[in-house]
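Taking it in order: structure first as structure tokens, then the write-up.
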Amino acid sequence: MMRSHTISHWLLRILRHLDGWLLAFMIALLLLSAATVYSASGQSLPRLTGHFINIFIALSVLVVVANVPPHILARLGPPLYAAALVLLMVVAVAGEVRNGSRRWLNIGVGAFQPSEIMKVALPLMLAWWFQRREGLLKGRDYALAAVLVFLPFALILRQPDLGTALLIGASGFYLLFFAGLSWRVIALIFVLAGASLPLVWHHMHDYQRQRILTLLNPEADPLGAGYHIIQSTIAIGSGGAFGKGWLHGTQAHLGFIPESTTDFVFAVFGEEFGLLGGGVLLALYLAIVARGFYIAAYAPSLFSRLMAATVSLNFFTYAFVNMGMVSGILPVVGVPLPLMSYGGTAMITLMTGFGILMSVATHKSLNKT
Amino acid sequence: MNWSGGELKNLRAELAAFRRRLHAGAILIAVLVLLLLARLYDLQVRDHGHYASLAESNRTSLIPVAAPRGLIYDDKGKILADNYSAYTLEINPSKAGNLKRTLGEIGRLIEITPAHLRRFRELLAENRSFATVPLKSHLSDKEVAILAANLYRLPGVEVKARLFRNYPYGSEFSHSIGYIGRINDRELAALKREGRLDDYRGSEHIGKTGLELQYENLLHGKPGYEEMETDAYGRAVKVLGRVAPVPGDDLELNLDQGLQRIADQAFGDRKGALVAINPNNGAVLALVSRPGFDPNLFVDGIDPQTWEELLDSPGRPLVNRAAYSVYPPGSTIKPFLAIAALEMGVRTPSYTIFDPGWYSLPGSRHRFRDWKAGGHGVVDMHKAIVQSCDTYFYRVAVDMGMKRLDAYMPLFGFGAKTGIDLPGESAGLVPSPAWKERRFHRPWFPGETVISGIGQGYWQVTPLQLAVATAALANGGTIYKPELLKAVRKAGSRAWQPVAPVVVRHIPISAADLAVVRDAMMDVVKPGGTAPTAFAGVSYAVAAKTGTAQVTGVAQNARYDAGKLAIQYRDNALFIAFAPAEKPRIAVAVIVENGGEGGVAAAPIARKVLDYYLLGKKPPAGTTGKIHDALPHD
């Protein structure tokens, strides 16, 4: 009796650090995800079970991270960043080459992409840095932060993995943006980026150029690189306003959609649930981002604010990039749809972010002065 | 670290600034969400009808059209591999329902042989899920008409016009050009792994052996597609659009069909190989491996029974003897050892020995016999090559030692792949104590050094290696990478892009040493040499060397008697030559398995090849196809 009482007490203490609103929206999305993955996999129960196991593991990570107070998380920033950077360098020298790029590190039990760690480590590092320099911020500090962003960006770009490099670069930029980087500098960055486009094009790999050309005119190569985009837009378009109904998407079930449970899961969703479903999905994403921004707005420390805002905007970016790619307005990059796609690693990275968000949301009182 | 922030005023200002940034972020998000919604609206509401019909007819909307495979020409522009269109009867097993009944129905309409059915089942077993499987190809017009009238009651049965590969010269090029065949699951997986699957949409065939495999990437081309409008029954109503496939590149070879045929026929029924090379650039002029097989058998899936017969045939026709099989070189190694001995100062041309007909190592009673009982008497280097004196070269090998022999002979390309543009080449072997220790964990015996001097023992060379090395003797020491490919013509282009010769290495050999060996080789085909009759009345100068390599050991006191030995234990006959000796244009290596003496069995084949190449002379009809039995020596 006494024992079960202490266990439930302990459980309650742990669960107190979860944010109810965020959790509710996330669970709604995860249920939609389970339904879609089940349909996309051709009603495969093993796939569904695997999906639930991934979700369970990722949620466990979330609970753990949410229970770490923000000032401890902040201290993890530099070592985590340094470790991720070293691993990226190791990959550059001794990484495994798959499909022509060096992204994977084999650690005996399996292979993983160190860039995945960097997705969490970079914002943590930057937020820690700005927290340290709070009140003393000068241009120099931004410049150093920019270097911290540039190092992983360059390493990942060289793998080559343009998509991930841009996304990690963007997360770093978001943090600088929320830390108050002046609008003039932001404008300058965009002008410079625009001006360097021809140079970037010149240094791109053939397959990268191909992806961009394909986006501009998918019909030019309907059996090759354009195939994915053509088939996924057909799937979404044929879904119409209300969709063909769950388990009734022909594109999905006749095998026309590649990677239908992972990167292209939105094509299946759009085909079966239509514009209405797409609207609900976007609304859920917006609700999560709104809650994240709310947490950021009322966060007690600079570190907490910056992390909460960056994690939220980053989350939206991934959703937007994936949906934009699948619906044919962005080039094909290997980005899963957050909380919807099948896949363990991305799910864990994502939930780590949400754990940070919830830690910020629920450790307020402890840090108030 | 100050977690509570600075002064309260600062804190407020900072917080306000941060919240303004949050607002800016929110605005950005709103814009992007509207953009996405607009895109989804376009796809799902405005253009819904368009996409709905595309999805509806998706299965048949895009039909890939395989590219015609590149053609292969010989040196003179003769077509060695081309394509033709023929009607085939194909079955889509996933649509056919009851396959057994369908096959029975077809059997009542047109003739289907057991071989057709066997091949069909074989292909069905290795079928990739989305392809149709051919039952009978090359349908006659009448068969097409009968089938077309009955297709409505045969679900999953299709009559299609397909491109087929044709090898007009059949077995003459079976080991150089090779053949294509239907893509199997293993090749499909490899294509997928390499990311080349897109190029194979609509293709059924892939290079399996020879040049067809070596240059698959050039020959294959890129598929086109047809966009089809289909009716409710899934039948094509009309073609909406068409993008033509890009045909594969055409290849021009260094091989000369006329020369190849002369060489091929010169073997008659005998097993063996011949390689002819242009010593000035490494171009492979002829590459023969006998027996051959008809590559046309493989093109659309070989009947399993025929396949078994080819595999089990004692002549092993599927083995490429020119580049894959290895043989002891026998006395053909002597000119190369002579060069090594001269270059390293082991011998001078005038140094003489007395040959009593045998050689014994100091302190040993074992006699290594010369092929000539009674011996050659006083022998210098010239005579040693002309008469192929074994005793002389036993001593050369012993005086040189394996260390120096192993350092020099690989310069001629022995013991390493030549790099020819053919898959499945052997490296051969230069005998060495280190190799023996590694391979057998046994020490080297001095006697093994002795027999290495006459190309016996552990020596292994391919006929191709012998030809490359002979070409180097001819051109003064340059080893070229042997190349079958002469030039490539891109689809739609009229210009041939030539393939540049590749020099592997240049062996520094003094002109004087070369002259000694070449002069001796020129006397090999004259009276007193080991091939005195094969080149009787020849109008150009030939430098050559014979070889007669033991396949089985002969006991110390026994005498080799060809007549008493089963044919598979008879000696292999070898012959190398280049001509014209003073300004060589062709180098050739010949081996006749179990042919007996090189000068008798192999030399006449080389003569026919040289005559044709240098004089354009065709041998009189009726001289081929007869087995020359080995005659006793001297």
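In the structure tokens, the first chain shown is A, the next is B, and so on; residue numbers restart at 1 for each chain, and ligands run from 1 in the order shown.
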
With only C-alpha atoms considered, list every residue of chain B at most 6 Å from chain A, as a PDB file with N, CA and C atoms, in the first residue's frame.
```pdb
ATOM      1  N   ARG B  21       9.864  39.726 -31.984  1.00  0.00           N
ATOM      2  CA  ARG B  21      10.420  38.716 -32.897  1.00  0.00           C
ATOM      3  C   ARG B  21       9.465  37.524 -33.036  1.00  0.00           C
ATOM      4  N   LEU B  43      -4.340  21.926 -56.118  1.00  0.00           N
ATOM      5  CA  LEU B  43      -4.266  20.503 -56.456  1.00  0.00           C
ATOM      6  C   LEU B  43      -5.608  19.811 -56.238  1.00  0.00           C
ATOM      7  N   GLN B  44      -6.222  20.101 -55.098  1.00  0.00           N
ATOM      8  CA  GLN B  44      -7.333  19.255 -54.649  1.00  0.00           C
ATOM      9  C   GLN B  44      -8.706  19.794 -55.030  1.00  0.00           C
ATOM     10  N   VAL B  45      -8.782  21.079 -55.351  1.00  0.00           N
ATOM     11  CA  VAL B  45     -10.090  21.620 -55.729  1.00  0.00           C
ATOM     12  C   VAL B  45     -10.067  22.093 -57.188  1.00  0.00           C
ATOM     13  N   HIS B  48      -8.604  19.278 -59.423  1.00  0.00           N
ATOM     14  CA  HIS B  48      -8.937  17.933 -58.941  1.00  0.00           C
ATOM     15  C   HIS B  48      -9.301  16.987 -60.083  1.00  0.00           C
ATOM     16  N   TYR B  51      -6.233  15.622 -61.941  1.00  0.00           N
ATOM     17  CA  TYR B  51      -5.473  14.620 -61.184  1.00  0.00           C
ATOM     18  C   TYR B  51      -6.294  13.361 -60.945  1.00  0.00           C
ATOM     19  N   ALA B  52      -7.608  13.534 -60.785  1.00  0.00           N
ATOM     20  CA  ALA B  52      -8.456  12.359 -60.566  1.00  0.00           C
ATOM     21  C   ALA B  52      -8.379  11.437 -61.782  1.00  0.00           C
ATOM     22  N   ASP B 198      16.130   3.272 -63.247  1.00  0.00           N
ATOM     23  CA  ASP B 198      15.317   4.119 -64.130  1.00  0.00           C
ATOM     24  C   ASP B 198      15.664   3.883 -65.594  1.00  0.00           C
TER      25      ASP B 198
END
```

| request: Using DSSP on the backbone coordinates, identify the residues of stretch 44-190 of chain A assigned to strand (DSSP E); present them as a list in words. | output: Glu96, Val97, Arg98, Ser101, Arg102, Arg103, Trp104, Leu105, Asn106, Ala111 and Phe112 of chain A

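Of note, atom CA of B:Ile586 and atom CA of B:Pro279 are spaced 5.9 Å apart.
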
| field | Long-range neighbours of A:Thr261 as a ChimeraX atom specification, 10 Å cut-off, only C-alpha atoms, 6 positions minimum in chain | value | /A:33-34,36-42,47,252,267-269,336,340-343

Could you save the residues just selected, with C-alpha atoms, as an mmCIF file, in the first residue's frame?
```
data_model
loop_
_atom_site.group_PDB
_atom_site.id
_atom_site.type_symbol
_atom_site.label_atom_id
_atom_site.label_comp_id
_atom_site.auth_asym_id
_atom_site.auth_seq_id
_atom_site.Cartn_x
_atom_site.Cartn_y
_atom_site.Cartn_z
ATOM 1 C CA SER A 33 -0.093 9.260 -38.147
ATOM 2 C CA ALA A 34 -0.832 5.716 -36.988
ATOM 3 C CA THR A 36 -2.021 6.863 -42.216
ATOM 4 C CA VAL A 37 1.040 4.664 -41.747
ATOM 5 C CA TYR A 38 -1.234 1.653 -41.366
ATOM 6 C CA SER A 39 -2.998 2.485 -44.624
ATOM 7 C CA ALA A 40 0.202 3.404 -46.496
ATOM 8 C CA SER A 41 1.943 0.202 -45.497
ATOM 9 C CA GLY A 42 -0.838 -1.853 -47.073
ATOM 10 C CA ARG A 47 4.725 -1.806 -39.478
ATOM 11 C CA ALA A 252 -0.998 4.635 -52.288
ATOM 12 C CA ALA A 267 0.741 12.136 -50.236
ATOM 13 C CA VAL A 268 -1.150 9.182 -48.787
ATOM 14 C CA PHE A 269 -2.795 11.399 -46.186
ATOM 15 C CA PRO A 336 10.195 13.291 -42.814
ATOM 16 C CA MET A 340 3.441 11.767 -39.069
ATOM 17 C CA SER A 341 6.207 9.820 -40.835
ATOM 18 C CA TYR A 342 7.330 6.362 -39.823
ATOM 19 C CA GLY A 343 10.886 6.340 -38.505
#
```

| message | Among stretch 37-170 of chain B, which residues does DSSP mark as alpha helix (DSSP H) when it is run on the backbone? Keep the chain and numbering as in the structure and answer as a ChimeraX atom specification. | response | /B:37-41,48-56,58-61,93-96,99-109,114-125,141-150
